>>> print(open('work_9.tsv').read())   # TSV, C-alpha atoms and all ligand atoms
chain	number	residue	atom	x	y	z
A	1266	MET	CA	66.03	113.29	92.50
A	1267	ALA	CA	69.02	110.98	92.21
A	1268	ALA	CA	68.49	107.78	90.26
A	1269	PRO	CA	68.08	104.73	92.49
A	1270	ALA	CA	71.26	102.94	93.55
A	1271	GLY	CA	72.40	100.45	90.94
A	1272	ALA	CA	70.43	102.06	88.08
A	1273	ALA	CA	73.53	102.38	85.92
A	1274	SER	CA	74.74	98.85	86.41
A	1275	ALA	CA	72.24	97.27	84.04
A	1276	GLN	CA	73.33	99.59	81.23
A	1277	ALA	CA	77.02	98.68	81.05
A	1278	PRO	CA	78.00	102.36	80.89
A	1279	GLY	CA	81.45	101.77	79.43
A	1280	ARG	CA	84.89	102.03	80.86
A	1281	LEU	CA	87.27	104.82	81.78
A	1282	ILE	CA	89.51	104.88	78.72
A	1283	ASP	CA	91.52	107.93	77.68
A	1284	ARG	CA	92.69	109.19	74.27
A	1285	PHE	CA	95.88	107.19	74.59
A	1286	GLY	CA	94.13	103.90	75.24
A	1287	ARG	CA	94.93	103.78	78.94
A	1288	VAL	CA	92.22	101.92	80.86
A	1289	HIS	CA	91.64	103.32	84.35
A	1290	ARG	CA	91.08	100.82	87.13
A	1291	ASP	CA	92.64	102.44	90.18
A	1292	LEU	CA	90.82	105.15	92.15
A	1293	ARG	CA	92.49	107.21	94.89
A	1294	VAL	CA	89.91	108.70	97.26
A	1295	SER	CA	90.86	111.55	99.58
A	1296	LEU	CA	88.71	111.44	102.72
A	1297	THR	CA	89.91	114.73	104.19
A	1298	ASP	CA	92.56	117.35	103.52
A	1299	ARG	CA	93.31	117.67	107.25
A	1300	CYS	CA	96.17	115.99	108.99
A	1301	ASN	CA	97.66	115.39	112.44
A	1302	LEU	CA	101.25	115.75	111.15
A	1303	ARG	CA	102.95	118.60	109.30
A	1304	CYS	CA	105.47	116.91	107.00
A	1305	THR	CA	107.42	119.88	105.72
A	1306	TYR	CA	107.29	118.71	102.09
A	1307	CYS	CA	103.49	118.50	102.27
A	1308	MET	CA	102.01	121.09	104.64
A	1309	PRO	CA	102.94	124.37	106.32
A	1310	ALA	CA	103.35	124.42	110.11
A	1311	ASP	CA	100.07	126.31	110.58
A	1312	GLY	CA	98.12	123.92	108.37
A	1313	LEU	CA	96.08	125.11	105.42
A	1314	ALA	CA	92.78	126.81	104.75
A	1315	TRP	CA	90.91	123.55	105.30
A	1316	ILE	CA	87.99	122.50	103.16
A	1317	PRO	CA	84.85	123.33	105.22
A	1318	SER	CA	83.30	120.14	106.65
A	1319	PRO	CA	79.97	120.51	104.77
A	1320	ASP	CA	81.97	120.45	101.54
A	1321	LEU	CA	83.48	117.04	102.26
A	1322	LEU	CA	81.66	114.15	100.65
A	1323	THR	CA	79.50	112.25	103.13
A	1324	LEU	CA	79.65	108.51	103.71
A	1325	GLU	CA	76.66	108.01	101.41
A	1326	GLU	CA	78.07	110.26	98.68
A	1327	LEU	CA	81.48	108.60	98.81
A	1328	THR	CA	79.90	105.17	98.60
A	1329	ARG	CA	77.76	106.18	95.64
A	1330	VAL	CA	80.60	107.76	93.68
A	1331	VAL	CA	82.85	104.76	94.28
A	1332	ARG	CA	80.04	102.41	93.27
A	1333	ILE	CA	79.59	104.25	89.98
A	1334	GLY	CA	83.37	104.05	89.53
A	1335	THR	CA	83.28	100.27	89.99
A	1336	GLU	CA	80.57	100.09	87.32
A	1337	LEU	CA	83.02	101.83	85.00
A	1338	GLY	CA	85.75	99.29	85.69
A	1339	ILE	CA	87.42	100.54	88.87
A	1340	THR	CA	88.75	97.46	90.67
A	1341	GLU	CA	91.21	99.06	93.09
A	1342	VAL	CA	90.36	101.77	95.62
A	1343	ARG	CA	92.94	103.44	97.85
A	1344	LEU	CA	91.70	105.67	100.68
A	1345	THR	CA	94.01	108.56	101.42
A	1346	GLY	CA	94.13	112.26	102.28
A	1347	GLY	CA	95.30	114.35	104.22
A	1348	GLU	CA	95.16	111.73	106.93
A	1349	PRO	CA	92.27	109.34	106.20
A	1350	LEU	CA	92.23	107.85	109.70
A	1351	ILE	CA	91.16	111.12	111.32
A	1352	ARG	CA	87.77	110.74	109.62
A	1353	PRO	CA	85.52	109.28	112.31
A	1354	ASP	CA	83.49	107.27	109.77
A	1355	VAL	CA	86.45	105.58	108.06
A	1356	VAL	CA	85.63	102.06	109.33
A	1357	ASP	CA	81.97	102.48	108.29
A	1358	LEU	CA	83.10	103.59	104.86
A	1359	VAL	CA	85.30	100.52	104.43
A	1360	THR	CA	82.37	98.33	105.50
A	1361	ARG	CA	80.14	99.93	102.86
A	1362	LEU	CA	82.70	99.79	100.08
A	1363	ALA	CA	83.47	96.16	100.85
A	1364	ALA	CA	79.75	95.39	100.50
A	1365	LEU	CA	79.40	96.92	97.01
A	1366	PRO	CA	78.17	94.50	94.33
A	1367	ARG	CA	81.50	94.87	92.49
A	1368	ALA	CA	83.56	95.33	95.63
A	1369	PRO	CA	86.98	96.73	94.77
A	1370	HIS	CA	90.25	95.71	96.38
A	1371	LEU	CA	90.54	98.19	99.26
A	1372	SER	CA	93.73	99.69	100.61
A	1373	LEU	CA	94.65	102.83	102.54
A	1374	THR	CA	97.62	105.20	102.82
A	1375	THR	CA	98.18	106.59	106.29
A	1376	ASN	CA	100.77	108.26	108.48
A	1377	GLY	CA	100.07	105.45	110.96
A	1378	LEU	CA	99.34	107.58	114.03
A	1379	CYS	CA	95.87	106.09	114.58
A	1380	LEU	CA	96.65	102.67	113.15
A	1381	ALA	CA	97.40	100.89	116.44
A	1382	ALA	CA	93.75	101.46	117.42
A	1383	LEU	CA	92.19	101.04	113.98
A	1384	ALA	CA	94.15	98.29	112.19
A	1385	ARG	CA	91.97	95.43	113.45
A	1386	PRO	CA	88.57	97.14	112.94
A	1387	LEU	CA	89.65	98.16	109.43
A	1388	ALA	CA	90.78	94.63	108.58
A	1389	GLU	CA	87.51	93.22	109.93
A	1390	ALA	CA	85.57	95.77	107.86
A	1391	GLY	CA	87.20	94.56	104.65
A	1392	LEU	CA	90.41	96.55	104.17
A	1393	SER	CA	93.09	94.44	102.47
A	1394	ARG	CA	96.28	96.30	103.17
A	1395	VAL	CA	97.94	99.57	104.11
A	1396	ASN	CA	100.79	101.83	103.06
A	1397	VAL	CA	102.30	103.62	106.05
A	1398	SER	CA	104.49	106.65	105.59
A	1399	CYS	CA	107.68	106.71	107.65
A	1400	ASP	CA	110.58	108.80	106.41
A	1401	THR	CA	113.06	108.26	109.23
A	1402	LEU	CA	113.93	105.97	112.13
A	1403	SER	CA	115.29	108.78	114.27
A	1404	ARG	CA	112.79	110.21	116.72
A	1405	GLU	CA	114.52	113.56	116.62
A	1406	THR	CA	114.55	113.70	112.81
A	1407	PHE	CA	110.90	112.59	112.72
A	1408	ALA	CA	109.94	115.47	115.01
A	1409	ARG	CA	111.90	117.90	112.83
A	1410	LEU	CA	110.39	116.58	109.61
A	1411	THR	CA	106.76	116.26	110.72
A	1412	LEU	CA	106.77	118.92	113.46
A	1413	ARG	CA	105.30	116.31	115.84
A	1414	ASP	CA	107.14	113.90	118.18
A	1415	ARG	CA	105.14	110.83	117.14
A	1416	LEU	CA	107.56	108.24	115.71
A	1417	PRO	CA	106.68	105.63	118.41
A	1418	ASP	CA	103.01	105.83	117.36
A	1419	VAL	CA	103.92	105.21	113.72
A	1420	LEU	CA	106.02	102.17	114.61
A	1421	ALA	CA	103.22	100.83	116.83
A	1422	GLY	CA	100.80	101.38	113.93
A	1423	ILE	CA	103.00	99.41	111.53
A	1424	ALA	CA	103.23	96.51	114.01
A	1425	ALA	CA	99.45	96.58	114.53
A	1426	ALA	CA	98.80	96.54	110.78
A	1427	ARG	CA	101.02	93.49	110.38
A	1428	ASP	CA	99.35	91.74	113.34
A	1429	ALA	CA	95.91	92.48	111.88
A	1430	GLY	CA	96.88	90.89	108.56
A	1431	LEU	CA	96.84	94.13	106.54
A	1432	THR	CA	99.71	92.69	104.53
A	1433	PRO	CA	101.95	93.21	102.76
A	1434	VAL	CA	102.48	96.39	104.78
A	1435	LYS	CA	104.23	98.87	102.51
A	1436	VAL	CA	106.21	101.74	103.99
A	1437	ASN	CA	106.58	104.97	101.99
A	1438	ALA	CA	109.65	107.12	102.54
A	1439	VAL	CA	110.46	110.53	101.05
A	1440	LEU	CA	114.10	111.54	101.43
A	1441	MET	CA	114.89	115.22	101.91
A	1442	ARG	CA	118.32	116.63	101.37
A	1443	GLY	CA	120.10	117.56	104.59
A	1444	VAL	CA	117.32	116.05	106.71
A	1445	ASN	CA	117.04	112.28	106.22
A	1446	ASP	CA	118.84	111.71	102.90
A	1447	HIS	CA	121.51	109.60	104.64
A	1448	GLU	CA	118.94	107.08	105.91
A	1449	ALA	CA	118.17	105.00	102.80
A	1450	ALA	CA	120.26	102.00	103.85
A	1451	ALA	CA	119.15	102.11	107.50
A	1452	LEU	CA	115.50	102.25	106.42
A	1453	LEU	CA	115.98	99.24	104.14
A	1454	ARG	CA	117.77	97.20	106.85
A	1455	TRP	CA	114.91	97.99	109.23
A	1456	ALA	CA	112.24	97.12	106.63
A	1457	LEU	CA	113.88	93.76	105.91
A	1458	ALA	CA	114.04	92.97	109.64
A	1459	GLU	CA	110.40	94.00	110.16
A	1460	GLY	CA	109.08	92.17	107.11
A	1461	VAL	CA	107.59	95.30	105.51
A	1462	GLN	CA	108.04	96.46	101.90
A	1463	LEU	CA	109.89	99.74	101.68
A	1464	ARG	CA	109.28	102.19	98.80
A	1465	PHE	CA	111.19	105.41	98.35
A	1466	ILE	CA	109.26	108.23	96.66
A	1467	GLU	CA	110.94	111.13	94.87
A	1468	GLN	CA	109.69	114.41	96.25
A	1469	MET	CA	107.20	116.02	93.86
A	1470	PRO	CA	106.21	119.68	93.37
A	1471	LEU	CA	102.89	119.45	95.21
A	1472	ASP	CA	103.56	121.41	98.37
A	1473	PRO	CA	101.37	124.47	99.05
A	1474	GLN	CA	104.47	126.51	99.92
A	1475	HIS	CA	105.78	125.92	96.36
A	1476	GLY	CA	109.15	125.21	97.96
A	1477	TRP	CA	110.02	122.24	95.71
A	1478	ASN	CA	113.30	122.62	93.94
A	1479	ARG	CA	114.65	120.19	91.34
A	1480	ALA	CA	118.21	120.50	92.62
A	1481	MET	CA	117.21	119.71	96.21
A	1482	MET	CA	115.26	116.59	95.28
A	1483	VAL	CA	116.90	113.27	96.20
A	1484	THR	CA	116.66	111.32	92.95
A	1485	ARG	CA	115.95	107.68	92.20
A	1486	ALA	CA	119.54	107.33	90.96
A	1487	GLU	CA	120.96	108.70	94.21
A	1488	ILE	CA	118.81	106.36	96.27
A	1489	LEU	CA	119.88	103.30	94.27
A	1490	ASP	CA	123.50	104.41	94.49
A	1491	GLN	CA	123.27	104.86	98.25
A	1492	LEU	CA	121.82	101.36	98.66
A	1493	ALA	CA	124.47	99.82	96.41
A	1494	ARG	CA	127.27	101.56	98.31
A	1495	ALA	CA	125.83	100.16	101.56
A	1496	GLY	CA	126.36	96.67	100.11
A	1497	PHE	CA	122.83	95.77	98.96
A	1498	ARG	CA	122.63	93.82	95.69
A	1499	LEU	CA	119.58	95.09	93.80
A	1500	ALA	CA	118.16	93.30	90.76
A	1501	PRO	CA	115.24	94.84	88.84
A	1502	VAL	CA	112.06	92.78	89.02
A	1503	ASP	CA	110.48	92.51	85.57
A	1504	ASP	CA	107.01	93.72	84.69
A	1505	ARG	CA	106.23	96.86	86.60
A	1506	GLY	CA	102.74	96.81	85.04
A	1507	SER	CA	100.84	99.96	86.04
A	1508	ALA	CA	102.60	100.17	89.42
A	1509	PRO	CA	104.35	103.49	90.09
A	1510	ALA	CA	107.19	101.79	91.96
A	1511	GLU	CA	110.04	100.05	90.21
A	1512	GLU	CA	110.74	96.98	92.31
A	1513	PHE	CA	114.18	95.55	92.98
A	1514	ALA	CA	114.91	92.15	94.54
A	1515	VAL	CA	117.25	92.69	97.49
A	1516	ASP	CA	120.26	90.38	97.83
A	1517	GLY	CA	118.70	87.73	95.60
A	1518	GLY	CA	115.18	88.12	97.02
A	1519	PRO	CA	112.50	87.31	97.90
A	1520	ALA	CA	112.46	90.67	99.73
A	1521	THR	CA	112.10	93.71	97.48
A	1522	VAL	CA	112.54	97.46	97.68
A	1523	GLY	CA	110.61	99.91	95.52
A	1524	VAL	CA	111.56	103.30	94.11
A	1525	VAL	CA	108.89	105.66	92.81
A	1526	GLY	CA	110.81	107.92	90.47
A	1527	SER	CA	107.83	110.13	89.75
A	1528	VAL	CA	110.04	112.96	88.49
A	1529	THR	CA	113.13	111.37	86.93
A	1530	ASN	CA	111.54	108.11	85.76
A	1531	PRO	CA	107.82	108.80	85.33
A	1532	PHE	CA	105.30	106.02	84.78
A	1533	CYS	CA	102.68	108.09	82.93
A	1534	ASP	CA	102.57	105.72	79.91
A	1535	ALA	CA	101.11	102.96	82.06
A	1536	CYS	CA	99.08	105.15	84.42
A	1537	ASP	CA	95.67	103.70	85.32
A	1538	ARG	CA	94.81	106.12	88.15
A	1539	VAL	CA	91.99	108.56	88.69
A	1540	ARG	CA	91.34	110.62	91.80
A	1541	LEU	CA	88.45	111.88	93.90
A	1542	THR	CA	89.32	114.91	96.04
A	1543	ALA	CA	88.02	115.31	99.58
A	1544	ASP	CA	85.48	117.86	98.35
A	1545	GLY	CA	84.20	115.59	95.63
A	1546	HIS	CA	86.08	116.70	92.53
A	1547	TRP	CA	87.08	114.09	89.99
A	1548	ARG	CA	90.64	114.43	88.63
A	1549	SER	CA	92.44	112.44	85.99
A	1550	CYS	CA	95.94	113.16	87.35
A	1551	LEU	CA	97.69	114.53	90.46
A	1552	PHE	CA	99.09	117.22	88.16
A	1553	ALA	CA	95.92	118.00	86.20
A	1554	HIS	CA	94.87	121.64	85.95
A	1555	GLY	CA	91.22	120.79	85.52
A	1556	GLU	CA	88.79	118.70	87.53
A	1557	ALA	CA	85.05	118.03	87.52
A	1558	ASP	CA	82.77	118.94	90.42
A	1559	LEU	CA	80.97	115.68	91.15
A	1560	ARG	CA	79.78	116.92	94.54
A	1561	ALA	CA	77.62	119.62	92.95
A	1562	LEU	CA	76.23	117.11	90.47
A	1563	VAL	CA	75.49	114.53	93.16
A	1564	ARG	CA	73.88	117.12	95.47
A	1565	ASP	CA	71.82	118.55	92.60
A	1566	GLY	CA	70.22	115.18	91.98
A	1567	GLY	CA	72.43	114.02	89.10
A	1568	THR	CA	71.70	110.51	87.91
A	1569	ASP	CA	74.23	107.70	87.92
A	1570	GLU	CA	74.48	108.06	84.13
A	1571	GLN	CA	75.27	111.77	84.43
A	1572	VAL	CA	77.94	111.11	87.07
A	1573	ALA	CA	79.43	108.35	84.90
A	1574	ALA	CA	79.45	110.67	81.87
A	1575	VAL	CA	81.38	113.34	83.80
A	1576	MET	CA	83.87	110.73	85.01
A	1577	ARG	CA	84.45	109.49	81.48
A	1578	GLY	CA	84.73	113.03	80.07
A	1579	GLU	CA	87.44	113.99	82.56
A	1580	VAL	CA	89.40	110.83	81.73
A	1581	LEU	CA	89.14	111.73	78.04
A	1582	ARG	CA	90.79	115.07	78.84
A	1583	LYS	CA	93.72	113.40	80.63
A	1584	GLN	CA	97.11	114.56	79.39
A	1585	ARG	CA	99.66	112.07	78.10
A	1586	ALA	CA	102.20	112.93	80.84
A	1587	HIS	CA	102.66	115.26	83.81
A	1588	GLY	CA	105.76	116.95	82.37
A	1589	ILE	CA	107.33	117.83	85.74
A	1590	ASP	CA	110.79	117.72	84.20
A	1591	GLU	CA	109.86	120.02	81.31
A	1592	PRO	CA	110.39	123.81	81.27
A	1593	ALA	CA	106.69	124.58	80.73
A	1594	PHE	CA	105.64	122.63	83.85
A	1595	ARG	CA	103.21	124.48	86.09
A	1596	GLN	CA	102.45	123.18	89.59
A	1597	PRO	CA	98.74	122.46	90.15
A	1598	GLU	CA	96.73	124.84	92.33
A	1599	ARG	CA	95.76	122.23	94.86
A	1600	PRO	CA	98.32	120.69	97.24
A	1601	MET	CA	98.79	116.93	97.55
A	1602	SER	CA	96.84	116.77	100.84
A	1603	ALA	CA	93.66	118.11	99.21
A	1604	ILE	CA	93.95	116.03	96.05
A	1605	GLY	CA	94.83	112.86	97.92
A	1606	GLY	CA	98.32	111.38	97.79
B	1	LIG	C1	99.73	112.97	100.97
B	1	LIG	S1	100.03	111.57	101.98
B	1	LIG	C2	98.38	111.15	102.46
B	1	LIG	C3	98.25	109.94	103.34
B	1	LIG	C4	98.87	110.00	104.71
B	1	LIG	N1	98.67	111.23	105.38
B	1	LIG	C5	100.33	109.64	104.62
B	1	LIG	O1	101.16	110.51	104.89
B	1	LIG	O2	100.62	108.50	104.29
B	1	LIG	C6	100.41	110.23	100.88
B	1	LIG	C7	101.86	110.04	100.54
B	1	LIG	O3	102.29	111.15	99.80
B	1	LIG	C8	103.61	111.45	100.19
B	1	LIG	N2	103.86	112.84	99.83
B	1	LIG	C9	103.31	113.96	100.35
B	1	LIG	N3	103.78	115.06	99.74
B	1	LIG	C10	104.66	114.63	98.82
B	1	LIG	C11	105.49	115.26	97.85
B	1	LIG	N4	105.52	116.57	97.73
B	1	LIG	N5	106.26	114.48	97.06
B	1	LIG	C12	106.24	113.13	97.16
B	1	LIG	N6	105.48	112.47	98.05
B	1	LIG	C13	104.71	113.21	98.87
B	1	LIG	C14	103.64	111.17	101.66
B	1	LIG	O4	104.95	110.96	102.12
B	1	LIG	C15	102.79	109.93	101.74
B	1	LIG	O5	103.60	108.78	101.62
B	2	LIG	S1	102.35	113.54	104.03
B	2	LIG	FE1	100.54	112.67	104.98
B	2	LIG	S2	101.09	112.76	107.16
B	2	LIG	FE2	102.48	114.15	106.18
B	2	LIG	S3	101.49	116.17	106.34
B	2	LIG	FE3	100.97	115.26	104.33
B	2	LIG	S4	99.02	114.31	104.66
B	2	LIG	FE4	99.96	114.62	106.67
>>> encode(input="work_9.tsv", output="structure tokens")
Amino acid sequence: MAAPAGAASAQAPGRLIDRFGRVHRDLRVSLTDRCNLRCTYCMPADGLAWIPSPDLLTLEELTRVVRIGTELGITEVRLTGGEPLIRPDVVDLVTRLAALPRAPHLSLTTNGLCLAALARPLAEAGLSRVNVSCDTLSRETFARLTLRDRLPDVLAGIAAARDAGLTPVKVNAVLMRGVNDHEAAALLRWALAEGVQLRFIEQMPLDPQHGWNRAMMVTRAEILDQLARAGFRLAPVDDRGSAPAEEFAVDGGPATVGVVGSVTNPFCDACDRVRLTADGHWRSCLFAHGEADLRALVRDGGTDEQVAAVMRGEVLRKQRAHGIDEPAFRQPERPMSAIGG
């Protein structure tokens, strides 16, 4: 039998601290590995061998695992996937997480397709803000990049998120060489006009096709150069903290643009992230080669203390850095969509 809810809280079970002294406060939770787009850098056209539905954590299991995380010092929870908004119980989940005794700050990363319908219910349930992925402003390029003609839905989703107060709305963009790599300046002009915060993300080797290639990646330096050549004045904003994005004030501010140089300018030293996969595995890093099966433990009647011990143990095994740019780097088995991006 599982220990009653809240049993661990009285015992101050410690925090999630690794061997390098990094304190983990930010949990990324993948709600599903499935998706209604097929971004070519993330998923093959035919999809993947999806995690069987019974293997996904239920609403109750997700709530319990996150609660135990909050008792270990998690203060920030980001729901992601795959596409988190295709889970029918996503609004219920937000309601439950927002009602936890140590309710974390709740955000969500989405492709935006279902956001026009869900932005308001999510905000009312307790979600604070969203990141919406949008790599291009050209409908034709969007269809080529995601294999679905859905750009208008994404733009409607972004507008709905802003109207619902899920602000600041951040927009994630991955540039791909020969596809949308000429769009950095146009995306920034659009983001400034729309009042959303744009963040470019370097493409990482997390695709199931293993098609990532260092030479094809559009780097942080290229992005900054493209923006400067388009006439933007960018000034670094001090104190990145544990945020993956380097922020730059645009034309004197207050608007900013972010660049997540995961490969060429990694932020591992300040990383405070842990991850829960859609099938309930606890990972200390996107690029980790090990993970702990919390689902089995939870379904076998593990107590809160046992779950907390496994969480802490995995954090203790966390590597100092992902090493993508080193010769010995090995891509993890699981793709981004299953781990949770
Ligand atoms: C995996 S998605 C999951 C959430 C949602 N489906 C979305 O697209 O926003 C999260 C973020 O990861 C990014 N992403 C996916 N694969 C990537 C890769 N190989 N390198 C860098 N970013 C990637 C996406 O562009 C998106 O902004
Ligand atoms: S990046 Fe997000 S929207 Fe695109 S295929 Fe991956 S999970 Fe789906």
>>> atom_distance(input="work_9.tsv", atom1="atom N2 of ligand LIG 1 (chain B)", atom2="CA of Phe1285 in chain A")
27.1 Å
>>> residues_around(input="work_9.tsv", residues="range 1401-1414 of chain A", least_positions_apart="4", cutoff="12 Å", atoms="all atoms listed in the file", output="ChimeraX atom specification")
/A:1300-1312,1376,1378,1418-1420,1436-1456,1463,1465
>>> residues_near_ligand(input="work_9.tsv", ligand="ligand LIG 1 (chain B)", cutoff="9 Å", atoms="all atoms listed in the file", output="VMD selection string")
chain A and resid 1295 1298 to 1302 1304 to 1308 1344 to 1350 1373 to 1377 1396 to 1400 1436 to 1439 1465 to 1472 1477 1527 1600 to 1606
>>> write_last_selection(input="work_9.tsv", atoms="C-alpha atoms", output="mmCIF file, in the coordinates of the input")
data_model
loop_
_atom_site.group_PDB
_atom_site.id
_atom_site.type_symbol
_atom_site.label_atom_id
_atom_site.label_comp_id
_atom_site.auth_asym_id
_atom_site.auth_seq_id
_atom_site.Cartn_x
_atom_site.Cartn_y
_atom_site.Cartn_z
ATOM 1 C CA SER A 1295 90.860 111.550 99.580
ATOM 2 C CA ASP A 1298 92.560 117.350 103.520
ATOM 3 C CA ARG A 1299 93.310 117.670 107.250
ATOM 4 C CA CYS A 1300 96.170 115.990 108.990
ATOM 5 C CA ASN A 1301 97.660 115.390 112.440
ATOM 6 C CA LEU A 1302 101.250 115.750 111.150
ATOM 7 C CA CYS A 1304 105.470 116.910 107.000
ATOM 8 C CA THR A 1305 107.420 119.880 105.720
ATOM 9 C CA TYR A 1306 107.290 118.710 102.090
ATOM 10 C CA CYS A 1307 103.490 118.500 102.270
ATOM 11 C CA MET A 1308 102.010 121.090 104.640
ATOM 12 C CA LEU A 1344 91.700 105.670 100.680
ATOM 13 C CA THR A 1345 94.010 108.560 101.420
ATOM 14 C CA GLY A 1346 94.130 112.260 102.280
ATOM 15 C CA GLY A 1347 95.300 114.350 104.220
ATOM 16 C CA GLU A 1348 95.160 111.730 106.930
ATOM 17 C CA PRO A 1349 92.270 109.340 106.200
ATOM 18 C CA LEU A 1350 92.230 107.850 109.700
ATOM 19 C CA LEU A 1373 94.650 102.830 102.540
ATOM 20 C CA THR A 1374 97.620 105.200 102.820
ATOM 21 C CA THR A 1375 98.180 106.590 106.290
ATOM 22 C CA ASN A 1376 100.770 108.260 108.480
ATOM 23 C CA GLY A 1377 100.070 105.450 110.960
ATOM 24 C CA ASN A 1396 100.790 101.830 103.060
ATOM 25 C CA VAL A 1397 102.300 103.620 106.050
ATOM 26 C CA SER A 1398 104.490 106.650 105.590
ATOM 27 C CA CYS A 1399 107.680 106.710 107.650
ATOM 28 C CA ASP A 1400 110.580 108.800 106.410
ATOM 29 C CA VAL A 1436 106.210 101.740 103.990
ATOM 30 C CA ASN A 1437 106.580 104.970 101.990
ATOM 31 C CA ALA A 1438 109.650 107.120 102.540
ATOM 32 C CA VAL A 1439 110.460 110.530 101.050
ATOM 33 C CA PHE A 1465 111.190 105.410 98.350
ATOM 34 C CA ILE A 1466 109.260 108.230 96.660
ATOM 35 C CA GLU A 1467 110.940 111.130 94.870
ATOM 36 C CA GLN A 1468 109.690 114.410 96.250
ATOM 37 C CA MET A 1469 107.200 116.020 93.860
ATOM 38 C CA PRO A 1470 106.210 119.680 93.370
ATOM 39 C CA LEU A 1471 102.890 119.450 95.210
ATOM 40 C CA ASP A 1472 103.560 121.410 98.370
ATOM 41 C CA TRP A 1477 110.020 122.240 95.710
ATOM 42 C CA SER A 1527 107.830 110.130 89.750
ATOM 43 C CA PRO A 1600 98.320 120.690 97.240
ATOM 44 C CA MET A 1601 98.790 116.930 97.550
ATOM 45 C CA SER A 1602 96.840 116.770 100.840
ATOM 46 C CA ALA A 1603 93.660 118.110 99.210
ATOM 47 C CA ILE A 1604 93.950 116.030 96.050
ATOM 48 C CA GLY A 1605 94.830 112.860 97.920
ATOM 49 C CA GLY A 1606 98.320 111.380 97.790
#
>>> residues_near_point(input="work_9.tsv", point="(93.8, 99.2, 98.4)", cutoff="6 Å", atoms="all atoms listed in the file", output="list in words")
Glu1341, Val1342, Arg1343, His1370, Leu1371, Ser1372 and Leu1373 of chain A
>>> write_last_selection(input="work_9.tsv", atoms="C-alpha atoms", output="mmCIF file, keeping the file's coordinate frame")
data_model
loop_
_atom_site.group_PDB
_atom_site.id
_atom_site.type_symbol
_atom_site.label_atom_id
_atom_site.label_comp_id
_atom_site.auth_asym_id
_atom_site.auth_seq_id
_atom_site.Cartn_x
_atom_site.Cartn_y
_atom_site.Cartn_z
ATOM 1 C CA GLU A 1341 91.210 99.060 93.090
ATOM 2 C CA VAL A 1342 90.360 101.770 95.620
ATOM 3 C CA ARG A 1343 92.940 103.440 97.850
ATOM 4 C CA HIS A 1370 90.250 95.710 96.380
ATOM 5 C CA LEU A 1371 90.540 98.190 99.260
ATOM 6 C CA SER A 1372 93.730 99.690 100.610
ATOM 7 C CA LEU A 1373 94.650 102.830 102.540
#
>>> residues_around(input="work_9.tsv", residues="range 1325-1329 of chain A", least_positions_apart="5", cutoff="8 Å", atoms="all atoms listed in the file", output="list of chain:residue names")
A:Ala1270, A:Leu1358, A:Arg1361, A:Leu1362, A:Val1563
>>> closest_residue(input="work_9.tsv", among="A:Leu1296, A:Cys1550, A:Leu1387, A:Leu1541", to="ligand LIG 2 (chain B)", atoms="all atoms listed in the file")
A:Leu1296
>>> closest_residue(input="work_9.tsv", among="A:Arg1332, A:Arg1290, A:Arg1548, A:Arg1599", to="Pro1473 in chain A", atoms="only C-alpha atoms")
A:Arg1599
>>> build_atoms(input="work_9.tsv", residues="range 1429-1439 of chain A", atoms="N, CA and C atoms", output="PDB file, in the frame of the given file")
ATOM      1  N   ALA A1429      97.310  92.579 112.318  1.00  0.00           N
ATOM      2  CA  ALA A1429      95.910  92.480 111.880  1.00  0.00           C
ATOM      3  C   ALA A1429      95.786  91.853 110.494  1.00  0.00           C
ATOM      4  N   GLY A1430      96.915  91.543 109.878  1.00  0.00           N
ATOM      5  CA  GLY A1430      96.880  90.890 108.560  1.00  0.00           C
ATOM      6  C   GLY A1430      96.686  91.856 107.407  1.00  0.00           C
ATOM      7  N   LEU A1431      96.953  93.137 107.630  1.00  0.00           N
ATOM      8  CA  LEU A1431      96.840  94.130 106.540  1.00  0.00           C
ATOM      9  C   LEU A1431      98.130  94.086 105.713  1.00  0.00           C
ATOM     10  N   THR A1432      98.405  92.940 105.155  1.00  0.00           N
ATOM     11  CA  THR A1432      99.710  92.690 104.530  1.00  0.00           C
ATOM     12  C   THR A1432      99.596  92.498 103.020  1.00  0.00           C
ATOM     13  N   PRO A1433     100.673  92.729 102.249  1.00  0.00           N
ATOM     14  CA  PRO A1433     101.950  93.210 102.760  1.00  0.00           C
ATOM     15  C   PRO A1433     101.853  94.680 103.193  1.00  0.00           C
ATOM     16  N   VAL A1434     102.417  94.986 104.370  1.00  0.00           N
ATOM     17  CA  VAL A1434     102.480  96.390 104.780  1.00  0.00           C
ATOM     18  C   VAL A1434     103.581  97.048 103.963  1.00  0.00           C
ATOM     19  N   LYS A1435     103.212  98.126 103.263  1.00  0.00           N
ATOM     20  CA  LYS A1435     104.230  98.870 102.510  1.00  0.00           C
ATOM     21  C   LYS A1435     104.536 100.150 103.268  1.00  0.00           C
ATOM     22  N   VAL A1436     105.798 100.517 103.295  1.00  0.00           N
ATOM     23  CA  VAL A1436     106.210 101.740 103.990  1.00  0.00           C
ATOM     24  C   VAL A1436     106.751 102.726 102.961  1.00  0.00           C
ATOM     25  N   ASN A1437     106.145 103.912 102.917  1.00  0.00           N
ATOM     26  CA  ASN A1437     106.580 104.970 101.990  1.00  0.00           C
ATOM     27  C   ASN A1437     107.586 105.876 102.672  1.00  0.00           C
ATOM     28  N   ALA A1438     108.671 106.187 101.977  1.00  0.00           N
ATOM     29  CA  ALA A1438     109.650 107.120 102.540  1.00  0.00           C
ATOM     30  C   ALA A1438     110.047 108.161 101.496  1.00  0.00           C
ATOM     31  N   VAL A1439     109.967 109.424 101.889  1.00  0.00           N
ATOM     32  CA  VAL A1439     110.460 110.530 101.050  1.00  0.00           C
ATOM     33  C   VAL A1439     111.761 111.007 101.685  1.00  0.00           C
TER      34      VAL A1439
END
